[in-house]
Amino acid sequence: MNAKKKIAYSMSAVALMALVTSCGGTEGGGDAAGGTEGEPIKIAVIPPTSGALAEFGTASREAWEYAAKEANDNGGILGRPVELVIKDTDASANTTLQAVREAVTQDGANFIGGVMTSTEHNAIAQQLEGLNALNFNSNGKDDALTGADCKPNSYRIVQSNLMDINALADSLAELPGETWAIQAVDYSTGHDAAAAFTEAAEAAGKEVVTEQFAPLNTTEFGTYITELKNSGADALFSVEYGADGVAFVNQADQFGLTDQFDTVLGFNMVSEPLFETLGDRIVGFKNNVGYDVNADNESNQSFVEGFEEEYGETPYYVHADNYLAAQTLFAGIEEAGSSETEAVREALKDLSFDSIVGEVTVRSDDNQLLRPSQIGEVVEGEDGELEFEILTTADASVTTPEASDECTM
Amino acid sequence: MALDLNPGQQAGTEIPGLPKATNSPRRTLLWVSIAAVVVLVLGLAVPLVLTNRYYMGLTLAAAILSFHALSVGFLAKHLGLISLGHTAFFGGAAYCVGIAMTHWGWSPLMAALFGLVAVTVAAVPMGALIMRSSGMVFLMLTLALGQALHTISIQPASRDITGAHDGLQLQAADGATFLGIDFYALLVPQSFWPLAWVMLVVVIYLLWLVGRSRFGSLLEGIRENEERMRFSGFGTFVPRVAAFTLSGAVAGLGGVLFALNAHYVSPELLSFLAAGDALVSAIVGGLGALLGPVLGAFIYTFSESFLNFGGNLQLFMGALLVIVLVFFRGGIAGIVGTLYGRSRRKRAQKTTTTTTARPAGPAEPAAPADSKEPGA
Amino acid sequence: MIAQLLNGIALGSLYMVLSSGLAMIYGLRGVTNFAHGSLYMAGAYVAMSVSANVNFWVALLAAPLVLAIVGASLELIFFRSLQDRNHIEVGLVTFGLSMILERVIVLVWGEQTHTVSPPELLTGSMSILGASYPTYRIFLIVVALVMAAALVGWVQYTRTGLYVRAASRDVQAASVLGINVDRVSLIVVCVGGALAGLAGALAAPYISVSPTMGMQILITVLIVVVVGGAGSIGGAMVAGMALGVLQTMGNIWVPALAALIPFVALVVVLLWRPQGIAGKKA
């Protein structure tokens with residue numbers, strides 16, 4: 001699809017809208033992308049407040065609220081206050097789309113954050129140019145969002161699955177275990193991860209003896225666990241996340257499965273919010289870590305300190321990725337000297353800036369934020385609470401050397 | 001066994017197979033036709049009056065949901081059957097459009113026709129299977145149909161076709177248009193509205209004609225007492241399948257419009273919850289009246305938008321459903337019908353002699369005067 | 001292979017407990033209780049709380065008790081006053097109630113997925129015919145089978161059971177014969193609720209506790225009841241167990257089609273025998 005032409009079409013759609021509007025009198029909400037001095041910079045934050053992902057929705061909202069408060073306490077961005085337009089969704093594409101339309105056309109926001117799933121991002125991606133708004137994706141990791149389905153107005157702040165898988169693959173040689181079993185979700189993420197893992201394992205001189213896929217939303221893993229027990233593997237690579245991951249880890253423990261492996265390497269499987277639920281079962285598990293809360297840089301230290309003071313809890317990756325989205329947006333606005341959609345989009349092209357995860361760059365080829373991916377091990381901290389100990393860090397130049405050639409913008 | 005779900009549709013006065021006893025059918029036809037044309041023309045002006053883009057978007061979403069609700073309502077009204085599986089036709093048609101455009105490179109118009117034809121054709125064998133049942137078994141079979149399709153759509157094996165959980169973004173060739181509207185302008189509620197509105201009014205008008213035709217009377221006869229219809233020498237199976245196919249086509253049309261407007265399709269369209277949306281709309285609006293489901297779709301869409309705070313949408317919708325079912329049988333249209341009937345009876349100063357076996361007041365089919373849609 | 005068979009039986013046991021309650025309510029009131037999934041979910045959450053604050057054994061009693069009370073209110077407030085209504089209408093009322101109940105549960109307990117640890121006595125594995133298998137799952141199977149036997153015994157050999165059977169067959173005739181149908185119905189809906197609570201409590205350590213657990217299992221259990229023969233308790237038990245085993249074996253042998261097994265089973269059975277496996281002729 002020729003991007004310029006596509007923009008031209010959506011512009012004609014906008015023009016048509018303007019025509020209709022002018023016939024019928026002035027519009028209530030005012031058009032998006034206002035940019036005059038003193039007027040607030042409006043950001044729509046649309047995380048799920050119900051459904052299985054609501055917990056992450058709350059974290060997304062907290063991070064954006066913290067970022068906005070921090071910016072406003074420091075005199076705003078370009079001297080203008082930051083205002084959040086918070087909408088609810090149940091993480092279904094349709095509801096989110098309605099909320100996006102409302103936030104943009106009704107409340108005048110022209111930046112969007114906090115949207116959760118890849119399906120939602122896909123649905124709103126279609127509308128962004130018509131709405132003249134930019135979307136900052138801190139949660140959807142599906143590769144296609146910066147691949148075949150990439151869009152000029154969509155930015156991905158979080159690592160893509162591919163980036164994290166490549167980071168795992170990069171460290172595979174150092175992990176104990178010669179014969180590996182793969183348990184993955186029967187979903188693109190699972191299949192992609194399994195394929196990349198198998199390739200990396202062969203390169204590292206290791207063997208994959210079995211791989212099996214369970215449908216998304218599986219609750220009963222007995223069948224799979226029994227097969228894994230009989231596989232004869234000495235290490236496990238598992239791509240089960242969300243409620244599936246919890247159920248899998250819990251049941252694997254009941255079957256005494258994890259005792260027989262030298263390494264249990266998870267992909268998106270265990271993370272800080274699950275530490276309390278999963279408890280001691282996961283000590284020693286290794287997993288990809290999107291964000292290192294102990295990262296030794298000024299921006300991160302000030303974020304963690306300020307956030308803990310504000311909310312009384314330590315931020316984890318969902319907080320961090322959403323805060324990083326705010327950092328990216330603010331950097332873009334400051335670079336552009338304006339909050340006009342068009343100007344910010346131009347300014348973000350290949351923009352580099354210092355962030356909570358070190359220096360990062362917005363790659364203009366696919367609008368992916370280039371940032372490191374890490375592998376960590378779950379350990380019991382000094383205070384008896386579980387935490388990640390970072391084992392390896394892979395730079396973006398290793399995990400995503402080039403933009404996907406399926407992405408044409 | 002027939003299920004009379006809607007107290008208002010006590011067709012007890014009819015002799016099965018004979019045309020309805022209407023005072024002057026021709027005159028009614030004329031007036032309703034005129035009313036339909038007037039409503040059609042007035043409705044086209046909605047974007048001029050409703051300049052708020054958000055409310056315009058909601059109005060359009062309600063119109064699209066109306067097709068789905070109408071299709072469910074049609075079966076409930078004429079055959080007393082409750083379907084939880086018309087998502088198969090609504091979502092199925094949307095997927096057909098998506099697949100035809102994205103994978104086969106078809107033009108939007110061809111894809112739309114394909115979507116509509118494909119689900120209508122598919123509805124015939126499905127109807128032949130499912131329509132052998134009624135009541136609870138019918139509900140379960142339709143549920144299974146919708147769920148099976150949903151399950152198939154998210155299978156990784158279908159990923160290359162349906163996009164699995166991610167759904168499909170509709171791709172069109174540069175400069176593609178649909179009935180003269182630029183493909184990307186279809187995303188804009190104002191420019192899409194005329195299309196949806198004209199289709200909606202036409203479908204409602206056609207369903208009204210069907211309802212008062214011999215075929216409609218036949219269906220109601222089947223609903224009341226299928227055995228008796230058979231004894232009277234009517235084949236009941238073919239009409240049932242025909243009704244199922246018709247309702248499938250109506251849902252399919254809605255799905256086609258959805259896909260064209262949203263430019264994406266996702267498995268949610270096939271989900272149990274989508275079936276719930278349509279069914280709740282139809283019930284809240286009123287199953288006894290032709291326009292009930294349309295009314296319900298508008299009420300549902302707008303209240304969904306106003307009640308969507310704090311994540312409690314589901315709570316409110318559940319409460320609404322329970323309240324309507326327990327206290328307002330016949331839905332909103334039922335209330336309107338009762339009030340209308342009461343005032344008319346008062347004026348006419350005479351009592352009707354129909355025997356009502358049920359305590360609730362009759363919900364007459366909403367008069368054309370009620371057809372003004374609330375979003376306008 | 002033994003272990004896999006046991007996996008199937010464990011899943012089937014859960015379906016069995018859950019669907020027998022649903023079938024009882026359907027048999028007596030003619031109502032498809034769409035809220036049954038939410039009752040199950042409520043049972044799991046109650047069990048989780050009690051288990052965390054007291055212990056699992058108490059939870060195993062508390063969850064059915066609480067849910068029996070919920071069942072009683074369902075009967076007294078809705079089923080009884082709506083008994084003259086069309087059954088599908090009442091079914092849709094329960095659909096609305098389940099939407100309410102699921103949200104209320106989330107408001108009380110939050111959105112997170114939780115795990116519940118089985119009690120000390122039931123942790124670890126034991127050896128069954130040479131296969132090592134988690135003790136808790138064996139416990140679940142035993143509880144379910146005992147419950148099934150007790151239920152069948154109750155319905156077959158007690159006076160109340162006789163009333164239940166009579167009322168399920170023909171409500172009008174039963175009440176003419178002097179059976180207090182309202183009382184029988186109250187008992188049945190209470191027992192149905194309690195069974196859902198028991199299933200929830202058993203599922204908490206077995207699977208996990210999450211806000212979507214009710215919806216996920218509801219459709220499967222509805223299918224089980226219809227396949228078993230609407231209203232037949234024995235039929236539902238047999239169909240539940242069969243589906244559990246079939247699904248598990250399907251996961252091993254035909255993973256691509258396993259998800260479709262319940263639907264295929266439903267269509268095949270209904271076309272072959274519209275009244276279900278054990279259903280009486282309509």
# chains A, B, ... in the order shown; residues from 1 in each chain; ligands from 1
call {"tool": "interface_residues", "arguments": {"of": "chain C", "to": "chain A", "cutoff": "7 Å", "atoms": "only C-alpha atoms", "output": "list in words"}}
result
Ala3, Gln4, Asn7, Glu111, Gln112, Thr113, His114, Thr115, Thr123, Gly124, Ser125, Tyr133, Pro134, Ile207, Ser208, Pro211, Thr212 and Thr248 of chain C
call {"tool": "interface_residues", "arguments": {"of": "chain C", "to": "chain B", "cutoff": "6 Å", "atoms": "only C-alpha atoms", "output": "ChimeraX atom specification"}}
result
/C:93,96,99-100,103,263
call {"tool": "write_last_selection", "arguments": {"atoms": "C-alpha atoms", "output": "short mmCIF file (atom, residue, chain, number, x, y, z; two decimals), in the first residue's frame"}}
result
data_model
loop_
_atom_site.label_atom_id
_atom_site.label_comp_id
_atom_site.auth_asym_id
_atom_site.auth_seq_id
_atom_site.Cartn_x
_atom_site.Cartn_y
_atom_site.Cartn_z
CA VAL C 93 -32.93 -13.83 33.39
CA GLY C 96 -28.43 -11.39 33.22
CA MET C 99 -23.37 -10.98 34.26
CA ILE C 100 -24.13 -9.26 37.56
CA ARG C 103 -18.81 -8.52 38.09
CA PHE C 263 -19.48 -28.97 19.52
#
call {"tool": "atom_distance", "arguments": {"atom1": "CA of Leu273 (chain B)", "atom2": "CA of Gly231 (chain C)"}}
result
26.0 Å
call {"tool": "closest_residue", "arguments": {"among": "C:Ala131, C:Leu140, C:Ala167, C:Ile223", "to": "Val267 (chain C)", "atoms": "only C-alpha atoms"}}
result
C:Ile223
call {"tool": "select_by_dssp", "arguments": {"residues": "region 107-334 of chain A", "states": "alpha helix (DSSP H)", "output": "PyMOL selection string"}}
result
chain A and resi 118-131+161-171+188-203+222-229+242-254+275-278+298-311+317-334
call {"tool": "residues_around", "arguments": {"residues": "region 299-305 of chain B", "least_positions_apart": "6", "cutoff": "10 Å", "atoms": "only C-alpha atoms", "output": "ChimeraX atom specification"}}
result
/A:88,95,98-99,102 /B:55,58-63,65-66,277-278,280-282,284-285,293,313-314,316-317,320,332,374-375
call {"tool": "write_last_selection", "arguments": {"atoms": "N, CA and C atoms", "output": "compact mmCIF listing (two decimals), in the first residue's frame"}}
result
# COMPACT_ATOMS: atom_id res chain seq x y z
N ASP A 88 -12.56 4.03 29.81
CA ASP A 88 -12.58 2.61 30.18
C ASP A 88 -12.79 1.73 28.95
N THR A 95 -15.01 -1.90 21.80
CA THR A 95 -15.17 -0.92 22.88
C THR A 95 -14.01 0.07 22.87
N GLN A 98 -14.41 2.60 20.12
CA GLN A 98 -15.39 3.62 20.49
C GLN A 98 -14.76 4.64 21.44
N ALA A 99 -14.01 4.13 22.41
CA ALA A 99 -13.40 5.01 23.41
C ALA A 99 -12.37 5.93 22.75
N GLU A 102 -14.18 8.60 20.88
CA GLU A 102 -14.75 9.57 21.79
C GLU A 102 -13.66 10.50 22.33
N TYR B 55 -21.27 11.13 18.74
CA TYR B 55 -22.65 10.62 18.77
C TYR B 55 -23.07 10.07 17.41
N LEU B 58 -21.78 6.64 17.36
CA LEU B 58 -22.62 5.74 18.15
C LEU B 58 -23.90 5.39 17.39
N THR B 59 -24.47 6.42 16.76
CA THR B 59 -25.71 6.20 16.01
C THR B 59 -25.48 5.17 14.91
N LEU B 60 -24.34 5.30 14.25
CA LEU B 60 -24.02 4.35 13.19
C LEU B 60 -23.80 2.95 13.77
N ALA B 61 -23.09 2.88 14.89
CA ALA B 61 -22.85 1.57 15.51
C ALA B 61 -24.18 0.93 15.88
N ALA B 62 -25.11 1.74 16.37
CA ALA B 62 -26.43 1.23 16.75
C ALA B 62 -27.16 0.71 15.52
N ALA B 63 -27.05 1.45 14.40
CA ALA B 63 -27.73 1.02 13.18
C ALA B 63 -27.18 -0.34 12.73
N LEU B 65 -25.67 -2.62 14.65
CA LEU B 65 -26.12 -3.63 15.60
C LEU B 65 -27.58 -4.01 15.35
N SER B 66 -28.35 -3.04 14.84
CA SER B 66 -29.77 -3.28 14.58
C SER B 66 -30.00 -4.49 13.67
N ASP B 277 -24.89 -9.30 23.01
CA ASP B 277 -25.23 -7.92 22.63
C ASP B 277 -26.52 -7.88 21.84
N ALA B 278 -26.58 -8.71 20.81
CA ALA B 278 -27.74 -8.69 19.92
C ALA B 278 -28.99 -9.15 20.65
N VAL B 280 -29.60 -9.20 23.94
CA VAL B 280 -30.03 -8.24 24.97
C VAL B 280 -30.72 -7.05 24.29
N SER B 281 -30.16 -6.57 23.19
CA SER B 281 -30.81 -5.47 22.45
C SER B 281 -32.22 -5.85 22.07
N ALA B 282 -32.36 -7.03 21.49
CA ALA B 282 -33.67 -7.44 20.99
C ALA B 282 -34.66 -7.56 22.14
N VAL B 284 -34.48 -6.11 25.22
CA VAL B 284 -34.75 -4.81 25.84
C VAL B 284 -35.71 -4.01 24.95
N GLY B 285 -35.46 -4.05 23.66
CA GLY B 285 -36.34 -3.32 22.75
C GLY B 285 -37.72 -3.95 22.68
N PRO B 293 -36.33 -4.70 18.25
CA PRO B 293 -34.88 -4.90 18.26
C PRO B 293 -34.09 -3.66 17.81
N LEU B 313 -19.73 -1.99 33.25
CA LEU B 313 -20.69 -2.11 32.16
C LEU B 313 -21.50 -3.40 32.24
N GLN B 314 -20.77 -4.49 32.46
CA GLN B 314 -21.40 -5.81 32.52
C GLN B 314 -22.45 -5.86 33.61
N PHE B 316 -24.21 -3.33 34.88
CA PHE B 316 -25.38 -2.55 34.51
C PHE B 316 -26.21 -3.27 33.44
N MET B 317 -25.50 -3.86 32.47
CA MET B 317 -26.22 -4.53 31.39
C MET B 317 -26.98 -5.74 31.91
N LEU B 320 -30.00 -4.43 33.71
CA LEU B 320 -30.99 -3.98 32.74
C LEU B 320 -31.76 -5.16 32.15
N ILE B 332 -39.28 -2.40 25.64
CA ILE B 332 -39.70 -1.00 25.52
C ILE B 332 -40.86 -0.89 24.53
N PRO B 374 -34.42 6.87 17.80
CA PRO B 374 -34.12 7.81 18.87
C PRO B 374 -32.87 8.64 18.64
N GLY B 375 -31.97 8.14 17.82
CA GLY B 375 -30.73 8.89 17.63
C GLY B 375 -30.92 10.15 16.79
call {"tool": "interface_residues", "arguments": {"of": "chain B", "to": "chain A", "cutoff": "8 Å", "atoms": "only C-alpha atoms", "output": "compact mmCIF listing (two decimals) with C-alpha atoms, in the first residue's frame"}}
result
# COMPACT_ATOMS: atom_id res chain seq x y z
CA PRO B 47 -25.49 13.68 9.85
CA LEU B 48 -26.54 17.28 9.20
CA VAL B 49 -28.37 17.53 12.50
CA LEU B 50 -26.07 15.33 14.53
CA THR B 51 -22.79 17.14 13.96
CA ASN B 52 -21.09 15.68 16.98
CA ARG B 53 -18.80 13.06 15.51
CA TYR B 54 -18.89 10.84 18.55
CA GLY B 57 -20.41 7.23 15.46
CA LEU B 58 -22.62 5.74 18.15
CA GLN B 155 -7.24 -21.81 15.58
CA PRO B 156 -3.60 -21.21 14.71
CA ALA B 164 -6.48 -16.01 14.44
CA HIS B 165 -6.80 -13.84 17.55
CA ASP B 166 -5.40 -10.78 15.79
CA GLY B 167 -8.15 -10.65 13.22
CA GLN B 169 -7.17 -5.47 8.72
CA ALA B 173 -6.30 -1.47 -3.79
CA ASP B 174 -5.42 2.19 -4.18
CA ASP B 182 -13.96 6.26 -1.22
CA TYR B 184 -11.12 5.20 3.40
CA ALA B 185 -14.10 7.54 3.70
CA LEU B 187 -14.31 4.84 8.13
CA VAL B 188 -16.05 8.16 8.73
CA GLN B 190 -20.98 10.68 8.42
CA SER B 191 -20.06 9.33 5.03
CA ALA B 262 -14.55 -0.68 10.76
CA HIS B 263 -11.98 -1.93 8.19
CA TYR B 264 -11.13 -4.78 10.50
CA SER B 266 -11.71 -9.83 14.89
CA GLU B 268 -14.97 -10.96 19.04
CA ASN B 308 -19.05 2.39 30.53
CA PHE B 309 -17.25 3.72 33.57
CA GLY B 310 -15.42 1.98 36.38
CA GLY B 311 -15.50 -1.25 34.40
CA ASN B 312 -19.03 -1.96 35.56
call {"tool": "atom_distance", "arguments": {"atom1": "CA of His150 (chain B)", "atom2": "CA of Gly235 (chain C)"}}
result
27.5 Å
call {"tool": "select_by_dssp", "arguments": {"residues": "region 241-363 of chain A", "states": "strand (DSSP E)", "output": "list in words"}}
result
Thr263, Val264, Leu265, Gly266, Lys286, Asn287, Asn288, Val289, Ser352, Phe353, Asp354, Ser355, Gly358, Glu359, Val360, Thr361, Val362 and Arg363 of chain A
call {"tool": "closest_residue", "arguments": {"among": "B:Gly292, B:Gly91, B:Gly286, B:Gly233", "to": "Phe328 (chain B)", "atoms": "only C-alpha atoms"}}
result
B:Gly286
call {"tool": "atom_distance", "arguments": {"atom1": "CA of Gln156 (chain C)", "atom2": "CA of Leu266 (chain C)"}}
result
27.6 Å
call {"tool": "residues_around", "arguments": {"residues": "Arg165 (chain C)", "least_positions_apart": "3", "cutoff": "12 Å", "atoms": "only C-alpha atoms", "output": "list in words"}}
result
Met24, Ile25, Gly27, Leu28, Val152, Trp154, Val155, Gln156, Tyr157, Thr158, Arg159, Thr160, Gly161, Leu162, Ser168, Arg169, Asp170, Val171, Ala173, Ala174, Ile179, Val181, Val184, Ser185, Val188, Gly231, Ser232, Ile233 and Gly234 of chain C
call {"tool": "residues_around", "arguments": {"residues": "Ile390 (chain A)", "least_positions_apart": "4", "cutoff": "12 Å", "atoms": "only C-alpha atoms", "output": "PyMOL selection string"}}
result
chain A and resi 171+286-295+373-379+394
call {"tool": "residues_around", "arguments": {"residues": "Glu70 (chain A)", "least_positions_apart": "4", "cutoff": "10 Å", "atoms": "only C-alpha atoms", "output": "list in words"}}
result
Trp64, Glu65, Tyr66, Asn74, Gly75, Gly76, Val82, Phe303, Gly306 and Phe307 of chain A
call {"tool": "write_last_selection", "arguments": {"atoms": "N, CA and C atoms", "output": "PDB file, in the first residue's frame"}}
result
ATOM      1  N   TRP A  64       0.797   6.521  33.543  1.00  0.00           N
ATOM      2  CA  TRP A  64       0.512   7.751  32.791  1.00  0.00           C
ATOM      3  C   TRP A  64       0.175   8.893  33.747  1.00  0.00           C
ATOM      4  N   GLU A  65      -0.575   8.573  34.796  1.00  0.00           N
ATOM      5  CA  GLU A  65      -0.921   9.614  35.764  1.00  0.00           C
ATOM      6  C   GLU A  65       0.324  10.155  36.451  1.00  0.00           C
ATOM      7  N   TYR A  66       1.223   9.213  36.763  1.00  0.00           N
ATOM      8  CA  TYR A  66       2.456   9.654  37.409  1.00  0.00           C
ATOM      9  C   TYR A  66       3.269  10.543  36.453  1.00  0.00           C
ATOM     10  N   ASN A  74       6.767  19.958  37.052  1.00  0.00           N
ATOM     11  CA  ASN A  74       7.970  20.608  36.525  1.00  0.00           C
ATOM     12  C   ASN A  74       7.639  21.700  35.517  1.00  0.00           C
ATOM     13  N   GLY A  75       6.420  22.200  35.561  1.00  0.00           N
ATOM     14  CA  GLY A  75       6.063  23.327  34.696  1.00  0.00           C
ATOM     15  C   GLY A  75       5.496  22.914  33.353  1.00  0.00           C
ATOM     16  N   GLY A  76       5.129  21.671  33.217  1.00  0.00           N
ATOM     17  CA  GLY A  76       4.486  21.224  31.984  1.00  0.00           C
ATOM     18  C   GLY A  76       5.473  20.936  30.878  1.00  0.00           C
ATOM     19  N   VAL A  82      -0.156  19.098  30.985  1.00  0.00           N
ATOM     20  CA  VAL A  82      -0.521  17.826  30.375  1.00  0.00           C
ATOM     21  C   VAL A  82      -1.842  17.373  30.991  1.00  0.00           C
ATOM     22  N   PHE A 303      12.657   7.965  38.682  1.00  0.00           N
ATOM     23  CA  PHE A 303      11.317   7.391  38.423  1.00  0.00           C
ATOM     24  C   PHE A 303      10.915   6.441  39.543  1.00  0.00           C
ATOM     25  N   GLY A 306      10.332   8.357  42.857  1.00  0.00           N
ATOM     26  CA  GLY A 306       9.106   9.168  42.809  1.00  0.00           C
ATOM     27  C   GLY A 306       7.867   8.295  42.788  1.00  0.00           C
ATOM     28  N   PHE A 307       7.951   7.210  42.057  1.00  0.00           N
ATOM     29  CA  PHE A 307       6.782   6.340  41.920  1.00  0.00           C
ATOM     30  C   PHE A 307       6.469   5.657  43.237  1.00  0.00           C
TER      31      PHE A 307
END
